[in-house]
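J.: Structure file data-v6.csv (CSV, C-alpha atoms) is given on the next line.
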```
chain,number,residue,atom,x,y,z
B,1115,MET,CA,18.8,31.4,18.7
B,1116,VAL,CA,20.1,29.0,21.3
B,1117,ALA,CA,17.5,26.4,22.4
B,1118,ALA,CA,16.8,26.3,26.1
B,1119,ASN,CA,18.1,23.3,28.0
B,1120,LEU,CA,15.5,20.9,29.3
B,1121,ASN,CA,14.9,20.6,33.0
B,1122,PRO,CA,16.8,17.4,34.1
B,1123,ASN,CA,14.6,17.0,37.2
B,1124,GLU,CA,11.2,16.9,35.6
B,1125,LEU,CA,9.5,15.3,32.7
B,1126,GLN,CA,8.9,17.7,29.8
B,1127,LYS,CA,5.4,18.6,28.6
B,1128,VAL,CA,4.7,16.8,25.4
B,1129,LYS,CA,2.9,18.9,22.8
B,1130,GLY,CA,2.5,19.4,19.1
B,1131,LEU,CA,4.7,17.2,16.9
B,1132,ASP,CA,6.3,15.6,20.0
B,1133,LYS,CA,2.9,14.0,20.7
B,1134,ALA,CA,3.2,12.2,17.4
B,1135,PHE,CA,6.8,11.2,18.2
B,1136,LYS,CA,5.7,9.8,21.6
B,1137,TRP,CA,2.8,7.9,20.0
B,1138,PHE,CA,5.0,6.3,17.3
B,1139,ALA,CA,7.8,5.4,19.8
B,1140,GLU,CA,5.5,3.7,22.3
B,1141,ASN,CA,3.1,2.1,19.8
B,1142,GLU,CA,3.4,-1.7,19.9
B,1143,ASN,CA,1.3,-2.1,16.8
B,1144,SER,CA,3.6,-0.3,14.3
B,1145,ALA,CA,3.6,-3.2,11.9
B,1146,THR,CA,-0.2,-3.3,11.8
B,1147,TRP,CA,-0.5,0.5,11.4
B,1148,ILE,CA,2.1,0.7,8.6
B,1149,SER,CA,0.6,-2.2,6.7
B,1150,CYS,CA,-3.0,-0.8,7.0
B,1151,SER,CA,-1.8,2.8,6.0
B,1152,ILE,CA,0.0,1.5,3.0
B,1153,ALA,CA,-3.1,-0.4,1.9
B,1154,VAL,CA,-5.2,2.7,2.3
B,1155,PHE,CA,-2.8,5.0,0.4
B,1156,LYS,CA,-2.2,2.4,-2.3
B,1157,GLY,CA,-6.0,2.0,-2.7
B,1158,ILE,CA,-6.2,5.8,-3.4
B,1159,PHE,CA,-3.0,6.4,-5.4
B,1160,ARG,CA,-2.6,3.3,-7.5
B,1161,PRO,CA,-5.9,3.5,-9.3
B,1162,THR,CA,-5.4,7.3,-9.7
B,1163,PHE,CA,-2.0,6.8,-11.4
B,1164,THR,CA,-3.4,4.0,-13.5
B,1165,MET,CA,-6.2,6.2,-14.8
B,1166,MET,CA,-3.6,8.9,-15.6
B,1167,ASP,CA,-1.6,6.6,-17.8
B,1168,LYS,CA,-1.9,8.0,-21.3
B,1169,THR,CA,-0.4,5.0,-23.0
B,1170,GLN,CA,-3.2,2.6,-22.1
B,1171,ASP,CA,-6.6,1.9,-23.7
B,1172,PRO,CA,-9.3,3.6,-21.6
B,1173,GLU,CA,-11.2,0.4,-21.0
B,1174,THR,CA,-8.1,-1.4,-19.9
B,1175,LYS,CA,-7.2,1.4,-17.6
B,1176,LYS,CA,-10.6,1.4,-16.0
B,1177,TYR,CA,-10.5,-2.4,-15.5
B,1178,ALA,CA,-6.9,-2.3,-14.0
B,1179,ALA,CA,-7.9,0.6,-11.7
B,1180,ILE,CA,-10.9,-1.2,-10.4
B,1181,ARG,CA,-8.9,-4.4,-9.8
B,1182,GLU,CA,-6.2,-2.4,-7.9
B,1183,GLY,CA,-8.8,-0.8,-5.7
B,1184,LEU,CA,-10.4,-4.2,-5.0
B,1185,THR,CA,-7.0,-5.6,-4.0
B,1186,GLU,CA,-6.5,-3.0,-1.3
B,1187,VAL,CA,-10.2,-3.4,-0.2
B,1188,ALA,CA,-9.3,-7.0,0.4
B,1189,ALA,CA,-5.9,-6.2,2.0
B,1190,LEU,CA,-7.0,-3.6,4.6
B,1191,PRO,CA,-9.3,-5.8,6.7
B,1192,LEU,CA,-6.8,-8.7,6.5
B,1193,TYR,CA,-3.9,-6.5,7.7
B,1194,ALA,CA,-6.1,-5.2,10.5
B,1195,ALA,CA,-7.8,-8.4,11.6
B,1196,THR,CA,-5.0,-11.0,11.4
B,1197,PRO,CA,-2.6,-9.4,14.0
B,1198,TYR,CA,-5.6,-8.6,16.3
B,1199,LEU,CA,-6.7,-12.3,16.2
B,1200,VAL,CA,-3.1,-13.5,16.8
B,1201,GLY,CA,-2.9,-11.1,19.8
B,1202,LYS,CA,-6.1,-12.6,21.2
B,1203,ALA,CA,-4.7,-16.1,20.6
B,1204,VAL,CA,-1.5,-15.3,22.5
B,1205,ASP,CA,-3.5,-13.9,25.4
B,1206,LYS,CA,-5.5,-17.1,25.6
B,1207,PHE,CA,-3.0,-19.8,24.9
B,1208,TYR,CA,0.5,-18.5,25.8
B,1209,LYS,CA,1.4,-19.5,29.3
B,1210,GLY,CA,5.1,-18.3,29.3
B,1211,ALA,CA,6.7,-15.5,31.2
B,1212,ASN,CA,7.4,-13.1,28.3
B,1213,LYS,CA,3.8,-12.2,27.2
B,1214,LYS,CA,4.8,-8.8,25.9
B,1215,ASN,CA,7.4,-10.1,23.4
B,1216,ALA,CA,5.2,-13.1,22.5
B,1217,LYS,CA,2.3,-10.8,21.6
B,1218,MET,CA,4.4,-8.3,19.6
B,1219,ASN,CA,6.2,-11.1,17.7
B,1220,GLY,CA,3.0,-13.0,17.2
B,1221,LYS,CA,1.3,-9.9,15.7
B,1222,PHE,CA,4.3,-9.4,13.3
B,1223,LEU,CA,4.0,-13.0,12.1
B,1224,GLY,CA,0.3,-12.4,11.7
B,1225,ILE,CA,1.1,-9.5,9.3
B,1226,CYS,CA,3.5,-11.8,7.4
B,1227,ALA,CA,0.7,-14.5,7.1
B,1228,ALA,CA,-1.8,-11.9,6.0
B,1229,THR,CA,0.6,-10.9,3.2
B,1230,LEU,CA,0.5,-14.4,1.9
B,1231,ILE,CA,-3.3,-14.8,2.4
B,1232,ILE,CA,-4.2,-11.6,0.4
B,1233,PRO,CA,-3.5,-13.0,-3.1
B,1234,ALA,CA,-5.6,-16.1,-2.3
B,1235,VAL,CA,-8.5,-13.9,-1.2
B,1236,CYS,CA,-8.1,-11.7,-4.2
B,1237,ASN,CA,-8.3,-14.7,-6.5
B,1238,ILE,CA,-11.7,-15.6,-4.9
B,1239,ILE,CA,-13.4,-12.2,-4.8
B,1240,GLN,CA,-12.0,-10.4,-7.9
B,1241,PRO,CA,-13.2,-12.7,-10.7
B,1242,PRO,CA,-17.0,-12.5,-9.9
B,1243,ILE,CA,-16.9,-8.8,-9.3
B,1244,MET,CA,-14.9,-8.1,-12.5
B,1245,LYS,CA,-17.2,-10.5,-14.5
B,1246,ALA,CA,-20.2,-8.5,-13.2
B,1247,TYR,CA,-18.5,-5.3,-14.2
B,1248,LYS,CA,-17.7,-6.7,-17.6
B,1249,ARG,CA,-21.3,-7.8,-18.1
B,1250,SER,CA,-22.7,-4.3,-17.2
B,1251,GLN,CA,-20.2,-2.7,-19.6
B,1252,ASP,CA,-21.1,-5.1,-22.4
B,1253,ALA,CA,-24.8,-4.4,-21.8
B,1254,LYS,CA,-24.2,-0.6,-22.0
B,1255,LYS,CA,-22.2,-1.0,-25.2
B,1256,ALA,CA,-24.9,-3.2,-26.7
B,1257,GLN,CA,-27.5,-0.5,-25.9
B,1258,MET,CA,-25.5,2.2,-27.4
B,1259,THR,CA,-24.8,0.4,-30.7
B,1260,GLN,CA,-28.4,-0.9,-31.1
B,1261,PRO,CA,-29.8,0.5,-34.4
B,1262,ASN,CA,-32.9,2.8,-34.4
B,1263,PRO,CA,-36.0,0.8,-34.4
B,1264,PRO,CA,-37.8,0.8,-37.8
B,1265,VAL,CA,-40.6,3.4,-38.1
B,1266,THR,CA,-44.0,1.6,-38.2
B,1267,PRO,CA,-47.0,3.5,-39.6
B,1268,VAL,CA,-49.5,4.3,-37.0
B,1269,ASN,CA,-53.2,4.6,-37.9
B,1270,LYS,CA,-54.0,7.8,-36.2
B,1271,PRO,CA,-56.9,10.0,-37.2
B,1272,LEU,CA,-55.7,13.1,-39.0
B,1273,GLN,CA,-55.6,16.1,-36.7
B,1274,THR,CA,-57.2,19.0,-38.5
B,1275,THR,CA,-57.7,22.5,-37.3
B,1276,PHE,CA,-59.5,23.5,-40.3
B,1277,SER,CA,-62.9,22.5,-41.6
B,1278,GLY,CA,-63.3,19.9,-44.3
B,1279,ARG,CA,-63.2,22.7,-47.0
B,1280,HIS,CA,-60.2,22.6,-49.3
B,1281,ASN,CA,-58.0,25.6,-49.4
B,1282,TYR,CA,-58.5,27.1,-52.8
B,1283,GLY,CA,-56.4,30.1,-52.4
B,1284,MET,CA,-54.7,32.3,-50.0
B,1285,LYS,CA,-57.0,33.6,-47.5
B,1286,VAL,CA,-56.1,37.1,-46.6
B,1287,GLY,CA,-57.3,38.7,-43.5
B,1288,GLY,CA,-59.3,36.9,-41.1
U,621,MET,CA,8.7,-27.8,17.2
U,622,SER,CA,6.6,-26.0,19.9
U,623,MET,CA,9.9,-25.1,21.7
U,624,ASN,CA,11.2,-23.4,18.6
U,625,VAL,CA,8.0,-21.5,18.1
U,626,THR,CA,8.0,-20.4,21.8
U,627,ARG,CA,11.7,-19.3,21.4
U,628,VAL,CA,10.8,-17.2,18.3
U,629,LEU,CA,7.8,-15.7,20.1
U,630,GLU,CA,9.8,-14.7,23.2
U,631,SER,CA,12.9,-13.5,21.4
U,632,GLU,CA,13.9,-10.0,22.5
U,633,LYS,CA,15.9,-9.2,19.3
U,634,PHE,CA,12.9,-10.3,17.1
U,635,ALA,CA,10.6,-8.1,19.3
U,636,LYS,CA,12.8,-5.0,18.7
U,637,PHE,CA,12.8,-5.7,15.0
U,638,ALA,CA,9.0,-6.4,15.0
U,639,LYS,CA,8.3,-3.2,16.9
U,640,GLY,CA,9.6,-0.9,14.2
U,641,ALA,CA,7.7,0.1,11.1
U,642,ALA,CA,10.7,-0.4,8.8
U,643,GLY,CA,11.0,-4.1,9.7
U,644,ALA,CA,7.4,-4.8,8.7
U,645,VAL,CA,7.9,-3.0,5.4
U,646,TYR,CA,11.1,-4.8,4.4
U,647,VAL,CA,9.8,-8.2,5.4
U,648,THR,CA,6.3,-7.9,3.8
U,649,THR,CA,7.8,-6.5,0.6
U,650,ALA,CA,10.2,-9.4,0.4
U,651,ILE,CA,7.4,-11.9,1.1
U,652,LYS,CA,5.4,-10.3,-1.7
U,653,ALA,CA,8.3,-10.6,-4.1
U,654,ILE,CA,8.5,-14.3,-3.5
U,655,GLY,CA,5.0,-15.3,-2.5
U,656,ARG,CA,2.9,-13.5,-5.1
U,657,PRO,CA,4.7,-14.7,-8.3
U,658,ALA,CA,4.6,-18.2,-6.8
U,659,PHE,CA,0.9,-17.9,-6.2
U,660,ILE,CA,0.2,-16.5,-9.7
U,661,TYR,CA,2.4,-19.3,-11.3
U,662,ALA,CA,0.5,-22.0,-9.3
U,663,ASP,CA,-2.8,-20.8,-10.7
U,664,LYS,CA,-4.2,-23.7,-12.7
U,665,ASN,CA,-6.9,-21.6,-14.4
U,666,SER,CA,-4.4,-19.6,-16.4
U,667,ASP,CA,-2.5,-20.4,-19.5
U,668,LYS,CA,1.3,-20.6,-19.3
U,669,GLU,CA,2.1,-17.4,-21.2
U,670,THR,CA,-0.3,-15.3,-19.1
U,671,LYS,CA,1.1,-16.7,-15.9
U,672,LYS,CA,4.7,-16.1,-17.0
U,673,TYR,CA,3.9,-12.5,-17.9
U,674,THR,CA,1.9,-11.7,-14.7
U,675,ALA,CA,4.3,-13.5,-12.3
U,676,GLY,CA,7.3,-11.9,-14.0
U,677,LYS,CA,5.8,-8.4,-13.8
U,678,GLU,CA,4.8,-8.9,-10.2
U,679,PHE,CA,8.3,-10.1,-9.2
U,680,LEU,CA,9.9,-7.1,-10.9
U,681,TYR,CA,7.4,-4.7,-9.3
U,682,GLN,CA,8.0,-6.0,-5.8
U,683,LEU,CA,11.8,-5.9,-6.4
U,684,LEU,CA,11.4,-2.3,-7.4
U,685,CYS,CA,9.4,-1.6,-4.2
U,686,LEU,CA,12.1,-3.4,-2.1
U,687,GLY,CA,14.8,-1.3,-3.6
U,688,LEU,CA,12.9,1.9,-3.1
U,689,THR,CA,12.2,1.1,0.6
U,690,VAL,CA,15.8,0.0,1.3
U,691,GLY,CA,17.0,3.2,-0.2
U,692,MET,CA,14.4,5.7,1.1
U,693,ILE,CA,13.6,4.5,4.6
U,694,PRO,CA,17.1,5.1,6.1
U,695,ALA,CA,17.1,8.6,4.5
U,696,PHE,CA,13.7,9.5,6.0
U,697,ARG,CA,14.7,7.9,9.4
U,698,TYR,CA,17.7,10.3,9.4
U,699,GLY,CA,15.4,13.2,8.6
U,700,GLY,CA,13.0,12.2,11.4
U,701,PHE,CA,15.9,11.8,13.8
U,702,LYS,CA,17.1,15.3,12.9
U,703,MET,CA,13.7,16.7,13.7
U,704,ALA,CA,13.6,15.1,17.1
U,705,GLU,CA,17.4,15.4,17.9
U,706,LYS,CA,16.8,18.5,20.1
U,707,HIS,CA,15.4,16.3,22.8
U,708,ILE,CA,18.8,14.7,23.2
U,709,LYS,CA,21.0,17.8,22.5
U,710,ASN,CA,19.0,19.9,25.0
U,711,GLN,CA,18.8,17.3,27.8
U,712,PRO,CA,21.7,17.8,30.3
U,713,LEU,CA,21.3,14.2,31.4
U,714,LEU,CA,22.1,13.0,27.8
U,715,LYS,CA,25.3,15.1,27.2
U,716,GLU,CA,27.5,12.1,26.7
U,717,VAL,CA,25.0,10.4,24.4
U,718,ALA,CA,24.7,13.5,22.3
U,719,LYS,CA,28.5,13.8,22.1
U,720,ARG,CA,28.8,10.1,20.9
U,721,ILE,CA,26.1,10.7,18.3
U,722,ALA,CA,27.7,14.0,17.1
U,723,ASP,CA,31.1,12.3,16.7
U,724,VAL,CA,29.9,9.9,14.0
U,725,SER,CA,29.2,10.7,10.4
U,726,PRO,CA,25.7,11.5,9.3
U,727,LEU,CA,25.3,8.1,7.7
U,728,LYS,CA,25.9,6.4,11.1
U,729,LYS,CA,24.1,8.8,13.4
U,730,VAL,CA,20.8,6.8,13.5
U,731,GLY,CA,22.7,3.6,14.0
U,732,GLN,CA,24.6,5.1,16.9
U,733,PHE,CA,21.4,6.4,18.4
U,734,GLU,CA,19.8,2.9,18.2
U,735,LYS,CA,22.9,1.6,20.1
U,736,GLU,CA,22.3,4.2,22.8
U,737,PHE,CA,18.6,3.5,22.8
U,738,ALA,CA,19.3,-0.2,23.6
U,739,ASN,CA,20.4,1.1,27.1
U,740,ILE,CA,17.2,3.0,27.8
U,741,ASP,CA,16.2,0.8,30.7
U,742,LYS,CA,19.3,1.9,32.7
U,743,MET,CA,18.3,5.6,32.3
U,744,SER,CA,16.3,7.8,34.6
U,745,PRO,CA,12.6,8.6,33.6
U,746,VAL,CA,13.5,12.1,32.4
U,747,ALA,CA,16.3,10.8,30.1
U,748,LYS,CA,14.1,7.9,29.0
U,749,GLN,CA,11.4,10.4,27.9
U,750,SER,CA,13.9,12.4,25.8
U,751,MET,CA,15.3,9.2,24.2
U,752,THR,CA,11.8,8.0,23.5
U,753,LEU,CA,10.8,11.2,21.7
U,754,ALA,CA,14.0,11.0,19.6
U,755,LYS,CA,13.1,7.3,18.8
U,756,GLY,CA,9.6,8.5,17.8
U,757,GLY,CA,11.3,10.9,15.3
U,758,THR,CA,13.0,7.9,13.6
U,759,GLU,CA,9.7,6.0,13.5
U,760,VAL,CA,7.8,8.9,12.0
U,761,GLY,CA,10.6,9.0,9.3
U,762,SER,CA,10.2,5.3,8.6
U,763,PHE,CA,6.5,5.7,8.3
U,764,VAL,CA,6.6,8.6,6.0
U,765,GLY,CA,9.4,7.2,3.8
U,766,SER,CA,7.5,3.9,3.4
U,767,ILE,CA,4.2,5.6,2.4
U,768,ILE,CA,5.9,7.9,-0.1
U,769,GLY,CA,8.1,5.2,-1.6
U,770,LEU,CA,5.5,2.4,-1.9
U,771,THR,CA,2.3,4.3,-2.6
U,772,ILE,CA,3.5,7.3,-4.7
U,773,ILE,CA,6.9,6.7,-6.2
U,774,ALA,CA,6.7,3.0,-7.0
U,775,PRO,CA,3.5,3.2,-9.0
U,776,LEU,CA,4.6,6.4,-10.8
U,777,ILE,CA,8.0,5.0,-12.0
U,778,SER,CA,7.0,1.3,-12.4
U,779,HIS,CA,5.5,2.0,-15.9
U,780,LYS,CA,8.7,3.6,-17.1
U,781,ILE,CA,11.0,1.0,-15.6
U,782,LEU,CA,9.2,-2.3,-15.9
U,783,HIS,CA,8.2,-2.2,-19.5
U,784,PRO,CA,11.7,-1.9,-20.9
U,785,ILE,CA,12.9,-4.6,-18.6
U,786,MET,CA,10.0,-6.9,-19.5
U,787,THR,CA,10.7,-6.2,-23.2
U,788,ALA,CA,14.5,-6.9,-22.7
U,789,VAL,CA,13.8,-10.4,-21.1
U,790,GLY,CA,11.2,-11.2,-23.7
U,791,LEU,CA,8.1,-11.2,-21.5
U,792,GLU,CA,6.6,-8.3,-23.4
U,793,LYS,CA,6.6,-7.1,-27.0
U,794,LYS,CA,8.0,-3.6,-27.8
U,795,HIS,CA,5.5,-1.0,-26.9
U,796,SER,CA,4.1,1.0,-29.8
U,797,PRO,CA,3.1,4.7,-29.3
U,798,LYS,CA,-0.2,4.1,-31.2
U,799,ALA,CA,-1.2,1.4,-28.7
U,800,ALA,CA,-3.6,3.7,-26.9
U,801,THR,CA,-5.6,4.4,-30.0
U,802,ILE,CA,-5.9,0.8,-31.1
U,803,LYS,CA,-8.5,-1.2,-29.4
U,804,PRO,CA,-7.3,-4.8,-29.0
U,805,GLU,CA,-9.4,-7.4,-30.7
U,806,ILE,CA,-9.0,-9.7,-27.8
U,807,THR,CA,-9.1,-8.0,-24.4
U,808,PRO,CA,-6.8,-10.3,-22.3
U,809,GLU,CA,-7.3,-7.9,-19.4
U,810,TRP,CA,-10.9,-9.1,-19.2
U,811,ASP,CA,-9.6,-12.6,-18.7
U,812,ASN,CA,-9.6,-12.8,-14.9
U,813,ASN,CA,-6.7,-15.2,-15.0
U,814,LYS,CA,-4.4,-12.2,-15.3
U,815,VAL,CA,-5.2,-11.0,-11.8
U,816,ASP,CA,-2.8,-8.3,-10.7
U,817,VAL,CA,-2.7,-8.6,-7.0
U,818,LYS,CA,-0.3,-6.0,-5.8
U,819,ALA,CA,-1.3,-4.9,-2.3
```
What does the file become when written as structure tokens?
T.:
Amino acid sequence: MVAANLNPNELQKVKGLDKAFKWFAENENSATWISCSIAVFKGIFRPTFTMMDKTQDPETKKYAAIREGLTEVAALPLYAATPYLVGKAVDKFYKGANKKNAKMNGKFLGICAATLIIPAVCNIIQPPIMKAYKRSQDAKKAQMTQPNPPVTPVNKPLQTTFSGRHNYGMKVGG
Amino acid sequence: MSMNVTRVLESEKFAKFAKGAAGAVYVTTAIKAIGRPAFIYADKNSDKETKKYTAGKEFLYQLLCLGLTVGMIPAFRYGGFKMAEKHIKNQPLLKEVAKRIADVSPLKKVGQFEKEFANIDKMSPVAKQSMTLAKGGTEVGSFVGSIIGLTIIAPLISHKILHPIMTAVGLEKKHSPKAATIKPEITPEWDNNKVDVKA
């Protein structure tokens, strides 16, 4: 089937997948979008693959998966916020003639800066969270391995459904 | 100093590079490969062996990611371009452009298209629209290739590739198949000094 030629005199209607092509081509925040998307997908897939690793100890896997998830939780807002703030700074302080380029380049440099800041932020937020997780796991383990409490005799009155008479033999019938 | 910063900010070439998704992926992965191991090694709360292990592993992982993206993104860009190529082929105003792109080998098609796209401001609005849609195809390809490479393939194959390399350079002991059933006496992973910060 031969594709019809486009009309050279009018703009074509953009629909379906072409809308996505148009958006990606004209988007001036591609660096931000790709960095944030990678952070989201990594936050989902990396912990999943870690938990699927059969060669690791289950406790170690759980710990590593939580740590990986936390890393992306820290990364996503940094990748989103840093270029936005740089864009605002360029708007406010840049007085040159080429604002469009300055903004785009500034945002890209913001992404690069965020890439360096993320490990520092992770070093601050991860230790207390992982310590709290470890404490809760240790408490659970301690509870599970606690021996059964010793049985203490309780002075309870004997419950009797029969009268004080001794049972001297089988009672047949009622 | 401020003149140099302004020059960088206003640079047209840098803006073209910064606009694309692929550029951000290459540069951030390269920064991670250098910056993260450096950060880990500079941590004063960790012992030397832990730092060496973690920094070494991080460096190798980011190198793997860089290799994957450099290999995969051009292939996906080509795939995206093929999906959107009809906008150039079927546009009478872009007959010459389509011919020049068709004349080069598949490996060079996207590069040839980028050269043609550099002249987009000289084109009519209709031709510009067709070229923009084709450009969008390459950007979608970059996006999809980065996501698949970095978030699915890299974590999947890193265990298979990194452990033998780490063992070969002496950063890790040979992995025993019974390791999963043996609970370690000391749980170094609980030591937060071995923070694995791959984002």
J.: Neighbours of range 722-736 of chain U within 12 Å (all atoms listed in the file; same-chain residues fewer than 6 positions away dropped), as number ranges by chain?
T.: U: 636-637, 640, 693-702, 704-705, 708-709, 714-716, 742-743, 747-748, 751-752, 754-759, 761-762
J.: Report as a Markdown table the residues of chain B within 7 Å of chain U, each with its shortest atom pair and distance in Å (one decimal), using all atoms listed in the file, ordered by chain and increasing residue number.
T.:
```
| residue | atom | partner | partner_atom | distance |
| --- | --- | --- | --- | --- |
| B:Ala1118 | CA | U:Asn710 | CA | 6.9 |
| B:Asn1119 | CA | U:Asn710 | CA | 4.6 |
| B:Leu1120 | CA | U:Gln711 | CA | 5.1 |
| B:Pro1122 | CA | U:Leu713 | CA | 6.1 |
| B:Asn1123 | CA | U:Val746 | CA | 6.9 |
| B:Glu1124 | CA | U:Val746 | CA | 6.2 |
| B:Leu1125 | CA | U:Val746 | CA | 5.1 |
| B:Asp1132 | CA | U:Leu753 | CA | 6.5 |
| B:Phe1135 | CA | U:Gly756 | CA | 3.9 |
| B:Lys1136 | CA | U:Leu753 | CA | 5.3 |
| B:Phe1138 | CA | U:Gly756 | CA | 5.1 |
| B:Ala1139 | CA | U:Gly756 | CA | 4.1 |
| B:Glu1142 | CA | U:Lys639 | CA | 5.9 |
| B:Ser1144 | CA | U:Ala641 | CA | 5.2 |
| B:Ala1145 | CA | U:Ala644 | CA | 5.2 |
| B:Ile1148 | CA | U:Ala641 | CA | 6.2 |
| B:Ile1152 | CA | U:Ile767 | CA | 5.9 |
| B:Ala1153 | CA | U:Ala819 | CA | 6.4 |
| B:Phe1155 | CA | U:Thr771 | CA | 6.0 |
| B:Lys1156 | CA | U:Thr771 | CA | 4.9 |
| B:Phe1159 | CA | U:Thr771 | CA | 6.4 |
| B:Arg1160 | CA | U:Pro775 | CA | 6.3 |
| B:Phe1163 | CA | U:Leu776 | CA | 6.6 |
| B:Thr1169 | CA | U:Ala800 | CA | 5.2 |
| B:Gln1170 | CA | U:Ala800 | CA | 4.9 |
| B:Asp1171 | CA | U:Ala800 | CA | 4.7 |
| B:Thr1174 | CA | U:Glu809 | CA | 6.6 |
| B:Thr1185 | CA | U:Ala819 | CA | 6.0 |
| B:Glu1186 | CA | U:Ala819 | CA | 5.6 |
| B:Ala1189 | CA | U:Ala819 | CA | 6.4 |
| B:Asn1212 | CA | U:Glu630 | CA | 5.9 |
| B:Asn1215 | CA | U:Glu630 | CA | 5.2 |
| B:Ala1216 | CA | U:Leu629 | CA | 4.4 |
| B:Met1218 | CA | U:Ala635 | CA | 6.2 |
| B:Asn1219 | CA | U:Leu629 | CA | 5.4 |
| B:Gly1220 | CA | U:Leu629 | CA | 6.2 |
| B:Phe1222 | CA | U:Ala638 | CA | 5.8 |
| B:Cys1226 | CA | U:Thr648 | CA | 6.0 |
| B:Thr1229 | CA | U:Thr648 | CA | 6.5 |
| B:Leu1230 | CA | U:Gly655 | CA | 6.4 |
| B:Pro1233 | CA | U:Val817 | CA | 5.9 |
| B:Cys1236 | CA | U:Val817 | CA | 6.8 |
| B:Pro1241 | CA | U:Asn812 | CA | 5.5 |
```
J.: Keeping only C-alpha atoms, write the selected residues to a file as an mmCIF file, in the coordinates of the input.
T.:
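The resulting file, result_20.cif, is reproduced below:
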```cif
data_model
loop_
_atom_site.group_PDB
_atom_site.id
_atom_site.type_symbol
_atom_site.label_atom_id
_atom_site.label_comp_id
_atom_site.auth_asym_id
_atom_site.auth_seq_id
_atom_site.Cartn_x
_atom_site.Cartn_y
_atom_site.Cartn_z
ATOM 1 C CA ALA B 1118 16.800 26.300 26.100
ATOM 2 C CA ASN B 1119 18.100 23.300 28.000
ATOM 3 C CA LEU B 1120 15.500 20.900 29.300
ATOM 4 C CA PRO B 1122 16.800 17.400 34.100
ATOM 5 C CA ASN B 1123 14.600 17.000 37.200
ATOM 6 C CA GLU B 1124 11.200 16.900 35.600
ATOM 7 C CA LEU B 1125 9.500 15.300 32.700
ATOM 8 C CA ASP B 1132 6.300 15.600 20.000
ATOM 9 C CA PHE B 1135 6.800 11.200 18.200
ATOM 10 C CA LYS B 1136 5.700 9.800 21.600
ATOM 11 C CA PHE B 1138 5.000 6.300 17.300
ATOM 12 C CA ALA B 1139 7.800 5.400 19.800
ATOM 13 C CA GLU B 1142 3.400 -1.700 19.900
ATOM 14 C CA SER B 1144 3.600 -0.300 14.300
ATOM 15 C CA ALA B 1145 3.600 -3.200 11.900
ATOM 16 C CA ILE B 1148 2.100 0.700 8.600
ATOM 17 C CA ILE B 1152 0.000 1.500 3.000
ATOM 18 C CA ALA B 1153 -3.100 -0.400 1.900
ATOM 19 C CA PHE B 1155 -2.800 5.000 0.400
ATOM 20 C CA LYS B 1156 -2.200 2.400 -2.300
ATOM 21 C CA PHE B 1159 -3.000 6.400 -5.400
ATOM 22 C CA ARG B 1160 -2.600 3.300 -7.500
ATOM 23 C CA PHE B 1163 -2.000 6.800 -11.400
ATOM 24 C CA THR B 1169 -0.400 5.000 -23.000
ATOM 25 C CA GLN B 1170 -3.200 2.600 -22.100
ATOM 26 C CA ASP B 1171 -6.600 1.900 -23.700
ATOM 27 C CA THR B 1174 -8.100 -1.400 -19.900
ATOM 28 C CA THR B 1185 -7.000 -5.600 -4.000
ATOM 29 C CA GLU B 1186 -6.500 -3.000 -1.300
ATOM 30 C CA ALA B 1189 -5.900 -6.200 2.000
ATOM 31 C CA ASN B 1212 7.400 -13.100 28.300
ATOM 32 C CA ASN B 1215 7.400 -10.100 23.400
ATOM 33 C CA ALA B 1216 5.200 -13.100 22.500
ATOM 34 C CA MET B 1218 4.400 -8.300 19.600
ATOM 35 C CA ASN B 1219 6.200 -11.100 17.700
ATOM 36 C CA GLY B 1220 3.000 -13.000 17.200
ATOM 37 C CA PHE B 1222 4.300 -9.400 13.300
ATOM 38 C CA CYS B 1226 3.500 -11.800 7.400
ATOM 39 C CA THR B 1229 0.600 -10.900 3.200
ATOM 40 C CA LEU B 1230 0.500 -14.400 1.900
ATOM 41 C CA PRO B 1233 -3.500 -13.000 -3.100
ATOM 42 C CA CYS B 1236 -8.100 -11.700 -4.200
ATOM 43 C CA PRO B 1241 -13.200 -12.700 -10.700
#
```
J.: Counting only C-alpha atoms, which residues have an atom no more than 12 Å from (9.1, -2.7, -20.3) in the file's coordinates? Please list them as a ChimeraX atom specification.
T.: /U:673,676-677,680-681,777-796
J.: Just give me the gap between CA of Met1165 in chain B and CA of Gln1240 in chain B in Å, one decimal is fine.
T.: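 Between CA of Met1165 in chain B and CA of Gln1240 in chain B the gap works out to 18.9 Å.
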J.: Using CA of Val1200 in chain B and CA of Asn1237 in chain B as the two end points, give the distance in Å to one decimal.
T.: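 We find that CA of Val1200 in chain B and CA of Asn1237 in chain B lie 23.9 Å from each other.
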J.: Restricting the calculation to only C-alpha atoms: of B:Pro1161, B:Ala1256, B:Ile1238, B:Asn1143, which residue gets closest to Lys1217 in chain B?
T.: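 The shortest atom-to-atom distance to Lys1217 in chain B comes from B:Asn1143.
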